[in-house]
Number of protein chains: 2
Amino acid sequence: MESSLVGSATAASLCATAAATRRSAGSRGGARFLSCSCSSRDDPAARGWPVSTSSVGRRLRSVAPGRSLGGSSPQLAGVNGWNGNGSDRRWMALGDSFVLEAREDEYGGMLVDADRLPPDTAAFARSLALSLAYWKSARKKGVWLKLPLDRSEYVPLAVKEGFKYHHAEESYVMLTYWIPDEPCMLPANASHQVGVGGFVINDQMEVLVVQEKYTASTLLGAWKLPTGFILASEEIYTGAVREVKEETGIDTEFVELISFRHAHNVAFQKSDLFFICMLRPLSDGIMVDDVEIQAAKWMPLAEFVEQPFIQEDDMFRKITDIFVQRLHRRYCGLAASRVTSRFDGGTSTLYFNVADQPGDVGCDAA
Amino acid sequence: MESSLVGSATAASLCATAAATRRSAGSRGGARFLSCSCSSRDDPAARGWPVSTSSVGRRLRSVAPGRSLGGSSPQLAGVNGWNGNGSDRRWMALGDSFVLEAREDEYGGMLVDADRLPPDTAAFARSLALSLAYWKSARKKGVWLKLPLDRSEYVPLAVKEGFKYHHAEESYVMLTYWIPDEPCMLPANASHQVGVGGFVINDQMEVLVVQEKYTASTLLGAWKLPTGFILASEEIYTGAVREVKEETGIDTEFVELISFRHAHNVAFQKSDLFFICMLRPLSDGIMVDDVEIQAAKWMPLAEFVEQPFIQEDDMFRKITDIFVQRLHRRYCGLAASRVTSRFDGGTSTLYFNVADQPGDVGCDAA
């Protein structure tokens with residue numbers, strides 16, 4: 001799917017990388033330094049560094065014994081069996097160094113198997129240099145090196161070889177190395193954080209509002225909508241309902257997406273997408289989350305709209321105008337619809353105008 | 001702004017962190033390990049590790065000489081001047097170790113100054129242990145440690161002290177340490193990548209389509225919309241126009257946002273937001289980008305819609321139905337409007353339904 005909707009070589013490569021990453025996560029033993037077709041997963045002679053870090057790697061064949069690798073220079077280009085054409089089914093070794101186990105994606109990318117790294121820094125340094133030399137000679141393109149937190153001592157060794165950081169999560173850092181003498185085509189790191197806000201209004205035309213414990217001085221005393229960040233892999237409409245529940249104790253259901261805002265350089269120079277959802281209240285007893293929230297209440301719409309932080313602010317005034325138009329049924333937001341696609345083999349959520357679904361959500365702008 | 005729209009302590013902390021990060025980027029000399037009010041930026045006695053890594057740090061005062069630090073245990077709690085109440089205007093030192101220079105944000109977070117790290121691994125290890133002990137005794141909360149690529153040898157030392165990865169960009173990795181014995185409130189890393197697609201249709205009801213060089217096998221031969229990822233800090237509507245221009249050479253202008261898709265676990269377990277924009281062509285001479293694109297052409301709408309990869313796919317069929325409804329003016333997408341807000345001191349883009357702007361874009365669903 002990714003490679004169909006979000007095209008371009010970058011996205012295609014990213015798609016393949018992601019697929020390979022998922023494969024890698026699901027399989028420990030089958031990784032090979034050439035494409036999967038090169039050796040049987042059960043061929044004992046095709047096993048490199050054992051998963052156990054206590055044992056030493058087996059030497060199956062020594063190539064050009066005594067040859068110095070000289071860091072990562074491609075001195076091995078042209079050596080028999082090192083042409084990277086996929087015909088070589090033997091493990092490559094030099095002295096007691098092995099080419100790192102890695103999968104190859106459809107775009108010449110090599111994904112090093114993080115579960116089968118060499119057992120110590122010396123072995124890792126030797127194998128990394130050998131691997132880069134081999135991959136260069138085999139005309140590979142990008143190298144993906146995922147180093148778990150407990151292998152952090154390998155990070156400076158990879159940087160010394162010319163790797164750069166790509167992204168990191170709590171438990172690992174991903175480094176990359178672009179081999180060709182042409183612009184790097186590796187996909188970028190995640191660029192956005194996603195926030196949600198809940199516009200909850202009851203039959204008495206009262207808006208559910210909160211005062212936050214930690215807030216900008218310009219917002220002291222302001223009664224605002226419940227807001228927060230969506231969780232990993234969480235839907236926008238689910239996140240809005242969850243945040244409202246967490247901050248105020250009110251149960252709600254998603255009605256429609258009213259609008260969204262795109263801002264840049266918000267945190268760590270990343271961008272921010274903030275989605276405002278209209279939610280229908282299913283309960284009215286407020287229970288404040290005293291970790292984040294100072295107070296919460298139902299506030300008459302007119303009183304909410306008249307607050308200085310809204311009236312004196314271009315953006316907040318515009319957003320509030322949209323709320324009012326929506327309540328007067330002169331505005332339609334977006335519905336969320338689950339769709340399946342064979343291109344990612346899964347389901348995703350499509351957001352589109354509900355004007356073609358009159359009555360469904362009380363919007364009759366159409 | 002962030003702390004007003006996207007509320008919650010997390011967002012507030014993130015906002016402050018981002019602000020502090022921006023301040024840090026803009027200023028080298030003023031950083032202090034207590035809040036900015038603690039010492040004059042020009043007080044020479046308040047300078048810790050010099051920017052130059054060749055010189056050694058100055059010792060201004062030795063606290064509890066000979067006292068063993070014992071890793072990061074808070075043995076310094078209660079020592080005169082170490083109560084973190086902001087009253088201590090002296091630099092803290094033990095032997096030749098200094099507390100790392102850091103800024104404090106409004107939420108008890110300490111942001112270590114990446115420009116003024118100790119000159120070598122031994123000094124960094126000692127200062128990091130001393131700093132953690134001090135910050136714990138001073139009841140700080142989160143510690144932000146940004147290590148540039150050329151300081152990668154410090155990464156394992158930080159991990160040994162209990163730091164975890166937070167995020168990374170090509171030139172640095174950010175590590176964090178959460179001190180309190182309560183759930184971590186540090187803001188999360190960026191969670192999403194953002195893609196765009198351009199639906200360009202001319203007066204002859206022909207759609208601008210491309211065939212990609214690198215694509216999933218299921219899409220071989222498919223004629224699809226020009227797509228790609230937006231660049232850092234790029235607007236969605238700008239990215240769509242740019243991608244169409246890059247892939248096909250066609251100049252366009254943004255009409256409206258038709259719909260968007262939200263998918264998860266796309267790459268590196270991150271999520272993906274894909275925005276489909278309707279664009280008005282301003283030229284018709286196609287010039288193909290031969291790096292990513294195999295071919296591009298104007299294709300009759302009916303022929304585009306009838307393609308198997310669309311008709312046989314739930315999601316693509318739905319998206320195409322929306323295109324057709326839009327062309328028959330039975331659908332309204334979202335307009336992009338630049339808005340300013342005093343809460344982030346800048347402008348951002350708000351996307352909302354254009355049904356309240358009849359005629360503006362030829363949509364009269366309202």
# chains A, B, ... in the order shown; residues from 1 in each chain; ligands from 1
call {"tool": "residues_around", "arguments": {"residues": "Arg261 of chain B", "least_positions_apart": "3", "cutoff": "12 Å", "atoms": "only C-alpha atoms", "output": "number ranges by chain"}}
result
A: 1-2, 5-6, 235-236, 334-341, 347-352; B: 193-197, 257-258, 264, 271-277, 315-316, 318-319
call {"tool": "select_by_dssp", "arguments": {"residues": "segment 227-356 of chain A", "states": "helix (DSSP H, G or I)", "output": "JSON, numbers by chain"}}
result
{"A": [236, 237, 238, 239, 240, 241, 242, 243, 244, 245, 246, 247, 248, 301, 302, 303, 304, 305, 308, 309, 310, 311, 314, 315, 316, 317, 318, 319, 320, 321, 322, 323, 324, 325, 326, 327]}
call {"tool": "write_last_selection", "arguments": {"atoms": "C-alpha atoms", "output": "mmCIF file, in the first residue's frame"}}
result
data_model
loop_
_atom_site.group_PDB
_atom_site.id
_atom_site.type_symbol
_atom_site.label_atom_id
_atom_site.label_comp_id
_atom_site.auth_asym_id
_atom_site.auth_seq_id
_atom_site.Cartn_x
_atom_site.Cartn_y
_atom_site.Cartn_z
ATOM 1 C CA ILE A 236 -7.198 9.785 16.053
ATOM 2 C CA TYR A 237 -10.842 9.274 17.042
ATOM 3 C CA THR A 238 -9.847 6.753 19.728
ATOM 4 C CA GLY A 239 -7.187 9.067 21.127
ATOM 5 C CA ALA A 240 -9.630 11.970 21.438
ATOM 6 C CA VAL A 241 -12.144 9.827 23.327
ATOM 7 C CA ARG A 242 -9.376 8.470 25.590
ATOM 8 C CA GLU A 243 -7.933 11.887 26.419
ATOM 9 C CA VAL A 244 -11.377 13.269 27.324
ATOM 10 C CA LYS A 245 -11.999 10.256 29.548
ATOM 11 C CA GLU A 246 -8.586 10.510 31.226
ATOM 12 C CA GLU A 247 -8.764 14.230 31.916
ATOM 13 C CA THR A 248 -12.439 14.586 32.850
ATOM 14 C CA LEU A 301 -20.960 27.787 24.898
ATOM 15 C CA ALA A 302 -21.320 31.610 24.888
ATOM 16 C CA GLU A 303 -19.091 31.881 27.959
ATOM 17 C CA PHE A 304 -16.514 29.546 26.392
ATOM 18 C CA VAL A 305 -16.437 31.540 23.152
ATOM 19 C CA PRO A 308 -10.100 36.511 25.961
ATOM 20 C CA PHE A 309 -7.571 33.792 25.004
ATOM 21 C CA ILE A 310 -10.013 32.839 22.225
ATOM 22 C CA GLN A 311 -11.322 36.234 21.163
ATOM 23 C CA ASP A 314 -6.663 34.586 15.319
ATOM 24 C CA MET A 315 -6.425 30.796 15.344
ATOM 25 C CA PHE A 316 -8.579 30.014 18.362
ATOM 26 C CA ARG A 317 -11.250 32.434 17.171
ATOM 27 C CA LYS A 318 -11.339 30.723 13.774
ATOM 28 C CA ILE A 319 -11.586 27.263 15.314
ATOM 29 C CA THR A 320 -14.369 28.408 17.638
ATOM 30 C CA ASP A 321 -16.255 29.975 14.711
ATOM 31 C CA ILE A 322 -16.161 26.557 13.043
ATOM 32 C CA PHE A 323 -17.590 24.920 16.182
ATOM 33 C CA VAL A 324 -20.488 27.378 16.153
ATOM 34 C CA GLN A 325 -21.133 26.859 12.432
ATOM 35 C CA ARG A 326 -21.101 23.112 13.000
ATOM 36 C CA LEU A 327 -23.637 23.442 15.802
#
call {"tool": "atom_distance", "arguments": {"atom1": "atom CA of Glu170 of chain B", "atom2": "atom CA of Gly109 of chain B"}}
result
24.2 Å
call {"tool": "closest_residue", "arguments": {"among": "B:Ala102, B:Ala133, B:Met205, B:Ile230", "to": "chain A", "atoms": "only C-alpha atoms"}}
result
B:Ile230
call {"tool": "closest_residue", "arguments": {"among": "B:Leu147, B:Leu117, B:Ala295, B:Ala263", "to": "chain A", "atoms": "only C-alpha atoms"}}
result
B:Ala263
call {"tool": "closest_residue", "arguments": {"among": "A:His262, A:Pro300, A:Gly333, A:Asp290", "to": "Ser233 of chain B", "atoms": "only C-alpha atoms"}}
result
A:His262
call {"tool": "residues_around", "arguments": {"residues": "Asp203 of chain B", "least_positions_apart": "3", "cutoff": "10 Å", "atoms": "only C-alpha atoms", "output": "list of chain:residue names"}}
result
B:Glu206, B:Val207, B:Arg280, B:Pro281
